[in-house]
2 protein chains.
Amino acid sequence: MMRYSSSPQNQMRPQHAGVNRLGGTHAAGQNRQKRSFQTGRTPIIKKPAEAPSFARFRTQDTKLRVAVIGGLEEVGRNCTMFEYGEDIILVDMGLQFPEEDMPGIDYIIPNMGYLKGKEKHIRGVIITHGHYDHIGGIPHLIPKIGYPPIYALPMTNSIIKKRQEDFRDVGQFSINNVKLTDKLQLGSFEVEFFHVNHNIPDSMGIVIRTPEGTVIHTGDWKFDYQPVGEPPADLQRIAKIGDQGVLALMSDSTNAMMPGHQTSETEIGVNLENLIQKAPGRIIIGAFSSLLSRIKMLIEMSEKHGKVVALGGFSMKSNVEIAKELGYMKFNPKILIDMQQVDKYPPNKVVIICTGAQGEKNATLMRIATGEHRDIKLVPGDTVVFSSSVVPGNERTVQRLKDTLFRKGAEVIHHEMMDVHAGGHAKADEVKLMLTLLKPKYFIPQHGNHFMLRLNGKVAASMGIPKENIFIADNGQVMEFKNGMGVLTKEKLPSDHVFVDGLGVSDETNIVLRDRQVLAEDGMVVIIATVDSKTGKLIQNPDIISRGFVFLKEHKELIEDLRHRVKKMVTDSDPLSWADTNGIKNKLRDYVGQFLFSKTEKRPMILPVVIEV
Amino acid sequence: MMRYSSSPQNQMRPQHAGVNRLGGTHAAGQNRQKRSFQTGRTPIIKKPAEAPSFARFRTQDTKLRVAVIGGLEEVGRNCTMFEYGEDIILVDMGLQFPEEDMPGIDYIIPNMGYLKGKEKHIRGVIITHGHYDHIGGIPHLIPKIGYPPIYALPMTNSIIKKRQEDFRDVGQFSINNVKLTDKLQLGSFEVEFFHVNHNIPDSMGIVIRTPEGTVIHTGDWKFDYQPVGEPPADLQRIAKIGDQGVLALMSDSTNAMMPGHQTSETEIGVNLENLIQKAPGRIIIGAFSSLLSRIKMLIEMSEKHGKVVALGGFSMKSNVEIAKELGYMKFNPKILIDMQQVDKYPPNKVVIICTGAQGEKNATLMRIATGEHRDIKLVPGDTVVFSSSVVPGNERTVQRLKDTLFRKGAEVIHHEMMDVHAGGHAKADEVKLMLTLLKPKYFIPQHGNHFMLRLNGKVAASMGIPKENIFIADNGQVMEFKNGMGVLTKEKLPSDHVFVDGLGVSDETNIVLRDRQVLAEDGMVVIIATVDSKTGKLIQNPDIISRGFVFLKEHKELIEDLRHRVKKMVTDSDPLSWADTNGIKNKLRDYVGQFLFSKTEKRPMILPVVIEV
């Protein structure tokens with residue numbers, strides 16, 4: 001068992017006690033203190049006997065309760081809870097990037113409201129893979145739920161720990177490497193793993209054996225028969241699990257509405273290798289730093305063709321470092337050069353792999369495009385490849401980025417012109433294969449907007465799963481299983497947005513957000529009336545300040561008219577009424593709002609201020 | 001000649017004089033007063049002799065000047081200017097919908113700055129087709145450029161006039177029907193037309209014969225060999241124009257980066273007819289009201305299968321009305337029913353065609369989805385078809401709309417699942433065919449973002465057009481032609497954004513917009529210090545008001561700390577300095593800004609107010 005120890009203070013938190021009270025005989029925490037993460041050795045988790053017996057956990061009345069806390073109404077903030085009696089396990093703890101109507105928000109994380117008071121029941125958090133929509137909530141949420149132990153494959157854990165360096169005040173918590181052959185006994189749950197393909201190494205599906213039957217959580221997956229740097233998904237294993245009987249399958253919906261089979265990473269590789277080989281000058285490849293399979297392939301191809309590679313973006317560098325350390329990437333370290341060294345090499349010997357293919361503000365590709373990058377200035381002859389899809393919502397930004405790149409003289413290659421990206425999520429045919437192998441009784445689409453779940457459900461229905469056995473749930477909606485029967489209940493666990501912004505975590509940010517939306521739309525007008533506190537008489541002309549409303553120089557008359565009206569209104573009103581500051585403020589707000597709307601058809605935020613002196 | 005006379009006041013504007021001073025013998029204005037638009041008859045434009053002689057217009061020094069004022073850096077606000085000596089003609093006058101960083105803006109229109117003082121030179125405005133990105137600027141801009149006459153095919157003019165009903169104070173101006181066989185002499189320009197396919201009837205390309213050679217402006221186009229309700233693009237005519245020699249081709253870039261040939265409307269029709277025929281209940285089809293070819297097809301199919309049609313959306317109804325009136329749509333008027341009548345028919349006999357497939361806030365489909373539509377409540381059995389592409393930037397909104405529709409129990413069909421939409425713009429193979437037919441010396445990609453122009457240019461280069469003869473220009477950039485030679489000059493006509501919002505037209509809105517962006521991101525904080533005007537002493541505790549910044553209840557300490565610091569700062573500062581109100585305000589702004597950033601990593605707008613009493 002390893003303990004994550006990057007925290008300066010080494011205090012033992014009282015909540016830690018909770019994670020030691022694991023039920024069952026194979027408690028993961030038993031010899032927790034014996035090893036440290038730094039050794040990178042096998043974790044302590046023991047292999048239980050082949051055929052688990054749940055008899056000792058099973059009671060007449062206890063139902064298996066499953067609720068997806070985040071990830072059923074969005075792509076992001078994935079988190080699923082399994083509860084049986086006093087045992088709870090969680091799968092994934094991700095973040096979601098904000099919608100366009102959430103200005104100033106960094107991201108959204110799952111709502112842990114239901115777990116308040118149940119911290120001691122949480123036997124562990126299993127993470128399916130190292131993408132931020134599956135790990136990004138950890139530093140914010142782990143302290144709120146009593147620091148339960150985390151279990152994942154090594155690559156995933158390394159990324160979690162790397163990120164933890166930015167959150168040193170969170171303190172230490174236990175992060176445990178598992179192997180695909182391991183079994184975990186977490187309270188009354190027995191947990192196994194199976195290998196799936198995605199676009200980051202160490203992606204896994206999870207087998208959750210419970211006293212009420214086996215539930216499969218696929219994580220993010222696709223079936224790639226020719227993946228890069230890893231074996232194909234373990235179809236034999238999946239078939240065997242199916243053979244043992246599966247109560248319910250919870251499966252990734254992101255691309256299930258698309259017909260056919262996801263493109264293999266190897267096929268993409270042919271095009272990318274061609275581009276790298278034939279580039280007349282530098283080749284700059286934009287990708288997510290999380291697309292580690294792609295990045296591995298790009299680096300290895302560059303080496304093969306005698307090119308050097310410069311990595312751009314902090315996360316890109318640290319992910320490659322992790323992957324190299326863990327042996328997922330194998331290349332001569334000499335081919336990795338710093339950005340500052342790029343000019344020392346002939347342009348056609350240089351490959352730059354960097355973040356920013358979504359047009360993210362401060363990412364490397366964006367800074368290269370705008371000329372703000374210290375070391376890389378675009379010149380004609382450069383080729384820029386967008387080796388990623390466009391995340392919905394980023395289309396306009398990516399279009400503008402392409403404009404800028406072309407303006408700087410670069411050639412631009414993107415997926416509309418050539419297959420330079422393959423998605424990481426199963427399409428309809430893969431879903432059908434998964435269903436054929438696992439033969440689940442219930443099907444629970446997850447990981448996607450509601451319409452994606454519905455369309456994933458349709459695929460299952462087309463394969464003969466009865467409609468009533470397909471659960472299209474909402475975030476937080478509880479599914480109960482007992483005696484082989486499942487029910488999608490009406491019970492809903494807390495699942496409201498929890499926002500993370502510069503100030504930390506809050507679920508009260510909605511009010512602030514609503515204000516920002518109003519301010520963004522029509523700006524605001526502050527009306528300041530200074531009155532004599534004794535007489536209630538206006539002492540001087542009202543001050544009017546406005547921002548984001550109208551261009552004042554063009555509308556001086558409007559403002560003067562408004563000032564005049566406010567003055568008249570205050571002067572005419574009963575001075576005594578000024579005692580009721582709130583009353584007069586409301587009156588001012590309504591009056592000014594109506595007047596400005598009648599003149600401009602705009603509804604700026606009106607802020608009346610009464611200063612009594 | 002017809003005069004648009006929906007304006008209540010019938011005054012003759014002085015600028016009108018300008019449009020009568022047409023050069024040339026075939027002035028369009030000659031018998032302008034003889035007919036009225038209401039008759040819908042052939043306009044007065046005469047057919048000049050077959051071979052035009054430009055000798056009388058040509059001078060040694062005069063160059064043909066071409067500048068695209070809008071539409072080279074965006075999809076939208078299309079407007080192109082052709083100038084030869086004292087003759088100017090314009091092609092299109094569109095609007096652009098705002099980017100996401102332009103809150104509160106209705107739309108953007110072309111900048112007419114260059115035409116100021118040249119109103120008398122403008123011989124006419126030719127409109128290629130009736131889409132808003134080609135006609136939407138007219139009511140705002142025509143008054144600013146001296147009310148020049150407009151020329152277009154009947155469908156286009158009818159839509160322009162319909163829209164004009166919302167802008168009655170613009171006054172009257174001359175709107176003239178042309179026929180595809182007409183020739184216009186507009187000053188030294190001779191203008192002809194040719195039929196192209198798009199997705200609205202009466203789309204045309206324009207042949208502009210000038211003393212320096214022939215320039216082709218394609219408008220928006222595709223080649224559809226099996227179009228709906230109109231003939232295929234006139235390839236014979238285009239070939240003949242090419243045969244006569246083409247100096248420059250200005251061509252639509254929107255989809256030129258896509259390989260292959262645009263899908264035919266007829267192919268889409270097969271899927272749509274199947275859906276209409278087999279729908280188990282009501283079928284609700286969302287589309288742009290401007291996709292008139294599609295709508296025509298849908299109505300005629302519904303009739304064929306014995307269904308009634310209800311139209312949703314003001315623009316949908318008025319466009320169908322126009323198309324029916326002009327004979328573009330032929331159906332038994334009895335099959336059109338009101339939304340209120342829908343419930344009187346068996347669900348599987350009802351087709352609803354409506355606006356809102358982009359998730360537009362108040363459009364019919366959106367109101368149906370959210371349950372706000374008075375007459376149509378969704379029930380299981382309803383099928384909703386998205387028969388349109390998603391405009392970049394609307395992806396998230398459309399995803400949410402689909403979520404809502406599914407939640408209400410409807411089946412949803414969209415283009416990712418089935419071909420239920422064909423684009424209206426030429427793909428690469430069509431561009432190649434156009435180039436083969438026209439054999440232009442110069443190629444000028446237009447209608448698209450910069451990267452679209454570049455990729456369209458690549459198609460031309462692949463067809464053998466020399467690189468130096470492909471002009472990738474910016475908005476406003478002047479191209480000059482003389483003696484068969486073209487130059488992309490560095491001269492740039494005004495092309496800055498001109499915004500239309502509730503208050504009207506302004507090119508000074510940038511400042512207001514920047515404020516809105518800041519307000520949207522981190523909100524704002526107003527600091528009010530009331531001081532004695534004589535002593536400069538603070539009279540009472542500073543008032544602090546904040547909106548959209550942080551949730552105040554959670555951050556009372558922060559605000560108290562801030563108040564205390566402001567008080568101290570004001571108290572400690574030299575009272576005399578208060579004479580310089582601006583100085584102290586700047587000091588306050590900097591100080592508070594830095595303090596709040598250090599505490600919250602946010603940069604709200606700081607508004608310091610000093611009240612002297």
# chains A, B, ... in the order shown; residues from 1 in each chain; ligands from 1

$ closest_atom_pairs --of "chain B" --to "chain A" --cutoff "7 Å" --atoms "only C-alpha atoms" --output "JSON lines"
{"residue": "B:Pro103", "atom": "CA", "partner": "A:Glu521", "partner_atom": "CA", "distance": 5.0}
{"residue": "B:Gly104", "atom": "CA", "partner": "A:Glu521", "partner_atom": "CA", "distance": 4.5}
{"residue": "B:Met258", "atom": "CA", "partner": "A:Met417", "partner_atom": "CA", "distance": 6.6}
{"residue": "B:Pro392", "atom": "CA", "partner": "A:Glu395", "partner_atom": "CA", "distance": 5.6}
{"residue": "B:Gly393", "atom": "CA", "partner": "A:Arg396", "partner_atom": "CA", "distance": 5.5}
{"residue": "B:Glu395", "atom": "CA", "partner": "A:Pro392", "partner_atom": "CA", "distance": 5.6}
{"residue": "B:Arg396", "atom": "CA", "partner": "A:Gly393", "partner_atom": "CA", "distance": 5.4}
{"residue": "B:Lys402", "atom": "CA", "partner": "A:Phe451", "partner_atom": "CA", "distance": 5.9}
{"residue": "B:Asp403", "atom": "CA", "partner": "A:Phe451", "partner_atom": "CA", "distance": 4.7}
{"residue": "B:Phe406", "atom": "CA", "partner": "A:Phe451", "partner_atom": "CA", "distance": 6.1}
{"residue": "B:Glu416", "atom": "CA", "partner": "A:Met258", "partner_atom": "CA", "distance": 6.8}
{"residue": "B:Met417", "atom": "CA", "partner": "A:Met258", "partner_atom": "CA", "distance": 6.6}
{"residue": "B:Asn449", "atom": "CA", "partner": "A:Asp403", "partner_atom": "CA", "distance": 6.7}
{"residue": "B:His450", "atom": "CA", "partner": "A:Asp403", "partner_atom": "CA", "distance": 5.0}
{"residue": "B:Phe451", "atom": "CA", "partner": "A:Asp403", "partner_atom": "CA", "distance": 4.7}
{"residue": "B:Gly502", "atom": "CA", "partner": "A:Glu601", "partner_atom": "CA", "distance": 5.4}
{"residue": "B:Leu503", "atom": "CA", "partner": "A:Thr600", "partner_atom": "CA", "distance": 5.2}
{"residue": "B:Glu508", "atom": "CA", "partner": "A:Phe551", "partner_atom": "CA", "distance": 6.8}
{"residue": "B:Thr509", "atom": "CA", "partner": "A:Phe551", "partner_atom": "CA", "distance": 6.3}
{"residue": "B:Val512", "atom": "CA", "partner": "A:Gly548", "partner_atom": "CA", "distance": 4.4}
{"residue": "B:Leu513", "atom": "CA", "partner": "A:Gly548", "partner_atom": "CA", "distance": 6.1}
{"residue": "B:Asp515", "atom": "CA", "partner": "A:Gly548", "partner_atom": "CA", "distance": 4.8}
{"residue": "B:Arg516", "atom": "CA", "partner": "A:Gly548", "partner_atom": "CA", "distance": 4.7}
{"residue": "B:Gln517", "atom": "CA", "partner": "A:Ala520", "partner_atom": "CA", "distance": 6.2}
{"residue": "B:Leu519", "atom": "CA", "partner": "A:Leu519", "partner_atom": "CA", "distance": 5.8}
{"residue": "B:Ala520", "atom": "CA", "partner": "A:Ala520", "partner_atom": "CA", "distance": 4.6}
{"residue": "B:Glu521", "atom": "CA", "partner": "A:Gly104", "partner_atom": "CA", "distance": 4.5}
{"residue": "B:Asp522", "atom": "CA", "partner": "A:Gly104", "partner_atom": "CA", "distance": 5.7}
{"residue": "B:Gly523", "atom": "CA", "partner": "A:Arg516", "partner_atom": "CA", "distance": 5.8}
{"residue": "B:Arg547", "atom": "CA", "partner": "A:Asp515", "partner_atom": "CA", "distance": 6.1}
{"residue": "B:Gly548", "atom": "CA", "partner": "A:Val512", "partner_atom": "CA", "distance": 4.5}
{"residue": "B:Phe549", "atom": "CA", "partner": "A:Val512", "partner_atom": "CA", "distance": 6.4}
{"residue": "B:Val550", "atom": "CA", "partner": "A:Val512", "partner_atom": "CA", "distance": 6.3}
{"residue": "B:Phe551", "atom": "CA", "partner": "A:Val512", "partner_atom": "CA", "distance": 5.9}
{"residue": "B:Thr600", "atom": "CA", "partner": "A:Leu503", "partner_atom": "CA", "distance": 5.3}
{"residue": "B:Glu601", "atom": "CA", "partner": "A:Gly502", "partner_atom": "CA", "distance": 5.4}
{"residue": "B:Lys602", "atom": "CA", "partner": "A:Gly502", "partner_atom": "CA", "distance": 6.4}

$ residues_around --residues "Asn111 (chain A)" --least-positions-apart "2" --cutoff "6 Å" --atoms "only C-alpha atoms" --output "list of chain:residue names"
A:Gly113, A:Ser495, A:Val498

$ residues_around --residues "His415 (chain B)" --least-positions-apart "3" --cutoff "9 Å" --atoms "only C-alpha atoms" --output "JSON, numbers by chain"
{"B": [385, 386, 387, 388, 389, 418, 419, 420, 421]}

$ write_last_selection --atoms "C-alpha atoms" --output "PDB file, in the first residue's frame"
ATOM      1  CA  VAL B 385     -36.238  15.609 -37.467  1.00  0.00           C
ATOM      2  CA  PHE B 386     -33.353  18.087 -37.568  1.00  0.00           C
ATOM      3  CA  SER B 387     -33.256  18.815 -41.280  1.00  0.00           C
ATOM      4  CA  SER B 388     -30.356  21.251 -41.159  1.00  0.00           C
ATOM      5  CA  SER B 389     -26.682  21.361 -40.368  1.00  0.00           C
ATOM      6  CA  MET B 418     -29.242   9.640 -41.462  1.00  0.00           C
ATOM      7  CA  ASP B 419     -28.869  11.941 -44.487  1.00  0.00           C
ATOM      8  CA  VAL B 420     -31.654  14.411 -43.703  1.00  0.00           C
ATOM      9  CA  HIS B 421     -29.775  17.512 -44.773  1.00  0.00           C
TER      10      HIS B 421
END

$ closest_residue --among "B:Gly260, B:Pro232, B:Gly245, B:Pro333" --to "Glu212 (chain B)" --atoms "only C-alpha atoms"
B:Gly245

$ residues_around --residues "Met479 (chain A)" --least-positions-apart "6" --cutoff "9 Å" --atoms "only C-alpha atoms" --output "ChimeraX atom specification"
/A:64-67,471,473,486-491

$ select_by_dssp --residues "region 257-399 of chain A" --states "helix (DSSP H, G or I)" --output "ChimeraX atom specification"
/A:265-278,292-304,314-325,333-335,339-344,347-349,364-370,395-399

$ closest_residue --among "B:Ala422, B:Ala310, B:Leu336, B:Leu292" --to "Ile268 (chain B)" --atoms "only C-alpha atoms"
B:Ala422

$ atom_distance --atom1 "CA of Lys278 (chain A)" --atom2 "CA of Tyr345 (chain A)"
16.4 Å

$ residues_around --residues "Pro201 (chain B)" --least-positions-apart "5" --cutoff "9 Å" --atoms "only C-alpha atoms" --output "list in words"
His129, Gly130, Met155, Thr156, Gly229, Glu230, Leu292, Ser293, Ala323 and Tyr328 of chain B

$ write_last_selection --atoms "all heavy atoms" --output "JSON list (two decimals), in the first residue's frame"
[["chain", "number", "residue", "atom", "x", "y", "z"],
["B", 129, "HIS", "N", -29.20, 36.26, -53.78],
["B", 129, "HIS", "CA", -30.30, 35.39, -53.32],
["B", 129, "HIS", "C", -30.81, 35.91, -51.98],
["B", 129, "HIS", "O", -30.21, 36.80, -51.37],
["B", 129, "HIS", "CB", -29.85, 33.93, -53.22],
["B", 129, "HIS", "CG", -28.77, 33.68, -52.20],
["B", 129, "HIS", "ND1", -27.46, 34.07, -52.39],
["B", 129, "HIS", "CD2", -28.82, 33.10, -50.98],
["B", 129, "HIS", "CE1", -26.76, 33.73, -51.34],
["B", 129, "HIS", "NE2", -27.54, 33.15, -50.47],
["B", 130, "GLY", "N", -31.90, 35.31, -51.51],
["B", 130, "GLY", "CA", -32.65, 35.91, -50.40],
["B", 130, "GLY", "C", -32.27, 35.50, -48.99],
["B", 130, "GLY", "O", -33.08, 35.65, -48.08],
["B", 155, "MET", "N", -38.05, 36.14, -56.12],
["B", 155, "MET", "CA", -38.11, 35.53, -54.79],
["B", 155, "MET", "C", -37.28, 36.37, -53.81],
["B", 155, "MET", "O", -37.73, 36.67, -52.69],
["B", 155, "MET", "CB", -37.52, 34.12, -54.90],
["B", 155, "MET", "CG", -37.52, 33.36, -53.62],
["B", 155, "MET", "SD", -39.16, 32.67, -53.37],
["B", 155, "MET", "CE", -39.13, 32.51, -51.61],
["B", 156, "THR", "N", -36.09, 36.72, -54.23],
["B", 156, "THR", "CA", -35.19, 37.51, -53.39],
["B", 156, "THR", "C", -35.84, 38.85, -53.04],
["B", 156, "THR", "O", -35.89, 39.25, -51.87],
["B", 156, "THR", "CB", -33.87, 37.76, -54.15],
["B", 156, "THR", "OG1", -33.41, 36.52, -54.66],
["B", 156, "THR", "CG2", -32.83, 38.39, -53.26],
["B", 229, "GLY", "N", -37.61, 21.31, -57.60],
["B", 229, "GLY", "CA", -38.43, 22.46, -57.97],
["B", 229, "GLY", "C", -37.73, 23.53, -58.77],
["B", 229, "GLY", "O", -38.21, 24.67, -58.83],
["B", 230, "GLU", "N", -36.63, 23.23, -59.35],
["B", 230, "GLU", "CA", -35.94, 24.20, -60.20],
["B", 230, "GLU", "C", -35.00, 23.40, -61.09],
["B", 230, "GLU", "O", -34.70, 22.24, -60.80],
["B", 230, "GLU", "CB", -35.15, 25.20, -59.35],
["B", 230, "GLU", "CG", -34.06, 24.55, -58.51],
["B", 230, "GLU", "CD", -33.09, 25.55, -57.88],
["B", 230, "GLU", "OE1", -33.40, 26.75, -57.84],
["B", 230, "GLU", "OE2", -32.00, 25.12, -57.45],
["B", 292, "LEU", "N", -35.74, 27.09, -48.46],
["B", 292, "LEU", "CA", -37.04, 27.01, -49.11],
["B", 292, "LEU", "C", -37.19, 25.81, -50.03],
["B", 292, "LEU", "O", -38.29, 25.28, -50.19],
["B", 292, "LEU", "CB", -37.34, 28.32, -49.84],
["B", 292, "LEU", "CG", -38.14, 29.29, -48.96],
["B", 292, "LEU", "CD1", -38.33, 30.61, -49.66],
["B", 292, "LEU", "CD2", -39.51, 28.69, -48.61],
["B", 293, "SER", "N", -36.10, 25.35, -50.63],
["B", 293, "SER", "CA", -36.20, 24.17, -51.50],
["B", 293, "SER", "C", -36.61, 22.95, -50.67],
["B", 293, "SER", "O", -37.45, 22.16, -51.08],
["B", 293, "SER", "CB", -34.86, 23.90, -52.18],
["B", 293, "SER", "OG", -34.35, 25.07, -52.76],
["B", 323, "ALA", "N", -43.32, 32.16, -51.51],
["B", 323, "ALA", "CA", -42.97, 31.15, -52.52],
["B", 323, "ALA", "C", -44.23, 30.65, -53.23],
["B", 323, "ALA", "O", -44.22, 30.38, -54.44],
["B", 323, "ALA", "CB", -42.24, 29.99, -51.85],
["B", 328, "TYR", "N", -43.53, 29.24, -56.81],
["B", 328, "TYR", "CA", -42.44, 28.29, -56.58],
["B", 328, "TYR", "C", -42.92, 27.05, -55.86],
["B", 328, "TYR", "O", -42.28, 26.02, -55.91],
["B", 328, "TYR", "CB", -41.32, 28.94, -55.76],
["B", 328, "TYR", "CG", -40.57, 29.97, -56.53],
["B", 328, "TYR", "CD1", -40.79, 31.32, -56.33],
["B", 328, "TYR", "CD2", -39.65, 29.58, -57.52],
["B", 328, "TYR", "CE1", -40.12, 32.28, -57.07],
["B", 328, "TYR", "CE2", -38.98, 30.53, -58.25],
["B", 328, "TYR", "CZ", -39.21, 31.87, -58.02],
["B", 328, "TYR", "OH", -38.54, 32.80, -58.75]]

$ residues_around --residues "region 313-318 of chain A" --least-positions-apart "2" --cutoff "7 Å" --atoms "only C-alpha atoms" --output "ChimeraX atom specification"
/A:289,311,320-322,354-355,363-364

$ write_last_selection --atoms "all heavy atoms" --output "short mmCIF file (atom, residue, chain, number, x, y, z; two decimals), in the first residue's frame"
data_model
loop_
_atom_site.label_atom_id
_atom_site.label_comp_id
_atom_site.auth_asym_id
_atom_site.auth_seq_id
_atom_site.Cartn_x
_atom_site.Cartn_y
_atom_site.Cartn_z
N SER A 289 -3.08 16.64 -24.50
CA SER A 289 -1.98 15.97 -23.81
C SER A 289 -2.44 14.63 -23.26
O SER A 289 -1.64 13.78 -22.92
CB SER A 289 -1.48 16.85 -22.67
OG SER A 289 -2.48 17.01 -21.70
N LEU A 311 8.36 19.10 -27.19
CA LEU A 311 7.01 19.00 -26.63
C LEU A 311 6.59 20.37 -26.11
O LEU A 311 7.38 21.07 -25.45
CB LEU A 311 6.98 17.99 -25.49
CG LEU A 311 7.35 16.55 -25.88
CD1 LEU A 311 7.44 15.69 -24.62
CD2 LEU A 311 6.32 15.97 -26.84
N VAL A 320 4.20 12.76 -20.92
CA VAL A 320 5.21 11.97 -21.64
C VAL A 320 6.25 11.45 -20.65
O VAL A 320 6.68 10.30 -20.72
CB VAL A 320 5.86 12.80 -22.76
CG1 VAL A 320 7.10 12.11 -23.31
CG2 VAL A 320 4.86 13.06 -23.88
N GLU A 321 6.62 12.31 -19.73
CA GLU A 321 7.58 11.91 -18.70
C GLU A 321 7.07 10.69 -17.92
O GLU A 321 7.78 9.71 -17.73
CB GLU A 321 7.75 13.10 -17.75
CG GLU A 321 9.03 13.14 -16.97
CD GLU A 321 9.05 14.44 -16.18
OE1 GLU A 321 9.17 15.52 -16.80
OE2 GLU A 321 8.89 14.36 -14.94
N ILE A 322 5.80 10.79 -17.50
CA ILE A 322 5.19 9.69 -16.76
C ILE A 322 5.19 8.41 -17.61
O ILE A 322 5.57 7.33 -17.16
CB ILE A 322 3.75 10.06 -16.35
CG1 ILE A 322 3.76 11.13 -15.27
CG2 ILE A 322 2.98 8.83 -15.89
CD1 ILE A 322 2.38 11.76 -15.00
N CYS A 354 2.23 19.52 -29.43
CA CYS A 354 1.86 20.49 -28.40
C CYS A 354 0.36 20.49 -28.11
O CYS A 354 -0.45 19.95 -28.86
CB CYS A 354 2.30 21.89 -28.82
SG CYS A 354 1.59 22.46 -30.35
N THR A 355 0.02 21.12 -27.02
CA THR A 355 -1.37 21.29 -26.61
C THR A 355 -1.98 22.47 -27.38
O THR A 355 -1.27 23.25 -27.99
CB THR A 355 -1.45 21.60 -25.11
OG1 THR A 355 -0.69 22.78 -24.86
CG2 THR A 355 -0.90 20.45 -24.29
N ALA A 363 -2.68 27.79 -24.33
CA ALA A 363 -1.97 26.58 -24.72
C ALA A 363 -0.95 26.90 -25.81
O ALA A 363 -1.02 27.94 -26.48
CB ALA A 363 -2.96 25.54 -25.18
N THR A 364 -0.01 25.97 -25.99
CA THR A 364 1.14 26.23 -26.86
C THR A 364 0.74 26.59 -28.29
O THR A 364 1.21 27.58 -28.84
CB THR A 364 2.05 24.99 -26.88
OG1 THR A 364 2.35 24.63 -25.53
CG2 THR A 364 3.35 25.29 -27.62
#

$ closest_residue --among "B:Lys116, B:Lys556, B:Lys432, B:Lys63" --to "Phe481 (chain B)" --atoms "only C-alpha atoms"
B:Lys63

$ select_by_dssp --residues "region 68-226 of chain B" --states "strand (DSSP E)" --output "NGL selection string"
:B and (68-70 or 79-84 or 87-91 or 107-109 or 122-126 or 150-152 or 175-177 or 184-186 or 189-195 or 204-210 or 213-217)

$ residues_around --residues "Gly484 (chain B)" --least-positions-apart "5" --cutoff "12 Å" --atoms "only C-alpha atoms" --output "list in words"
Lys63, Leu64, Thr210, Pro211, Glu212, Gly213, Thr214, Val215, Gly245, Val246, Leu247, Ala248, Pro440, Lys441, Tyr442 and Asn469 of chain B

$ write_last_selection --atoms "N, CA and C atoms" --output "short mmCIF file (atom, residue, chain, number, x, y, z; two decimals), in the first residue's frame"
data_model
loop_
_atom_site.label_atom_id
_atom_site.label_comp_id
_atom_site.auth_asym_id
_atom_site.auth_seq_id
_atom_site.Cartn_x
_atom_site.Cartn_y
_atom_site.Cartn_z
N LYS B 63 -8.65 52.13 -63.44
CA LYS B 63 -8.52 50.70 -63.15
C LYS B 63 -9.86 50.18 -62.62
N LEU B 64 -10.09 48.90 -62.85
CA LEU B 64 -11.22 48.27 -62.19
C LEU B 64 -10.78 47.95 -60.77
N THR B 210 -16.89 44.53 -67.52
CA THR B 210 -16.31 45.84 -67.23
C THR B 210 -15.37 46.22 -68.37
N PRO B 211 -15.01 47.49 -68.43
CA PRO B 211 -14.05 47.90 -69.47
C PRO B 211 -12.73 47.15 -69.37
N GLU B 212 -12.46 46.54 -68.23
CA GLU B 212 -11.20 45.81 -68.06
C GLU B 212 -11.37 44.30 -68.13
N GLY B 213 -12.55 43.83 -68.44
CA GLY B 213 -12.76 42.39 -68.54
C GLY B 213 -13.94 41.93 -67.71
N THR B 214 -14.18 40.64 -67.78
CA THR B 214 -15.37 40.07 -67.14
C THR B 214 -15.02 39.43 -65.80
N VAL B 215 -15.76 39.83 -64.78
CA VAL B 215 -15.60 39.22 -63.46
C VAL B 215 -16.88 38.44 -63.13
N GLY B 245 -14.32 34.30 -72.26
CA GLY B 245 -13.16 34.82 -71.56
C GLY B 245 -13.52 35.44 -70.22
N VAL B 246 -12.92 34.92 -69.17
CA VAL B 246 -13.21 35.41 -67.82
C VAL B 246 -11.92 35.92 -67.18
N LEU B 247 -11.95 37.17 -66.77
CA LEU B 247 -10.78 37.76 -66.11
C LEU B 247 -10.62 37.17 -64.71
N ALA B 248 -11.70 37.19 -63.94
CA ALA B 248 -11.60 36.73 -62.55
C ALA B 248 -12.89 36.06 -62.12
N PRO B 440 -11.11 30.93 -65.59
CA PRO B 440 -10.75 32.31 -65.25
C PRO B 440 -9.24 32.49 -65.18
N LYS B 441 -8.80 33.73 -65.43
CA LYS B 441 -7.37 34.02 -65.28
C LYS B 441 -7.02 34.17 -63.79
N TYR B 442 -7.91 34.85 -63.06
CA TYR B 442 -7.69 35.06 -61.63
C TYR B 442 -8.80 34.35 -60.85
N ASN B 469 -1.98 34.19 -59.16
CA ASN B 469 -3.28 34.62 -59.68
C ASN B 469 -4.44 34.25 -58.77
#
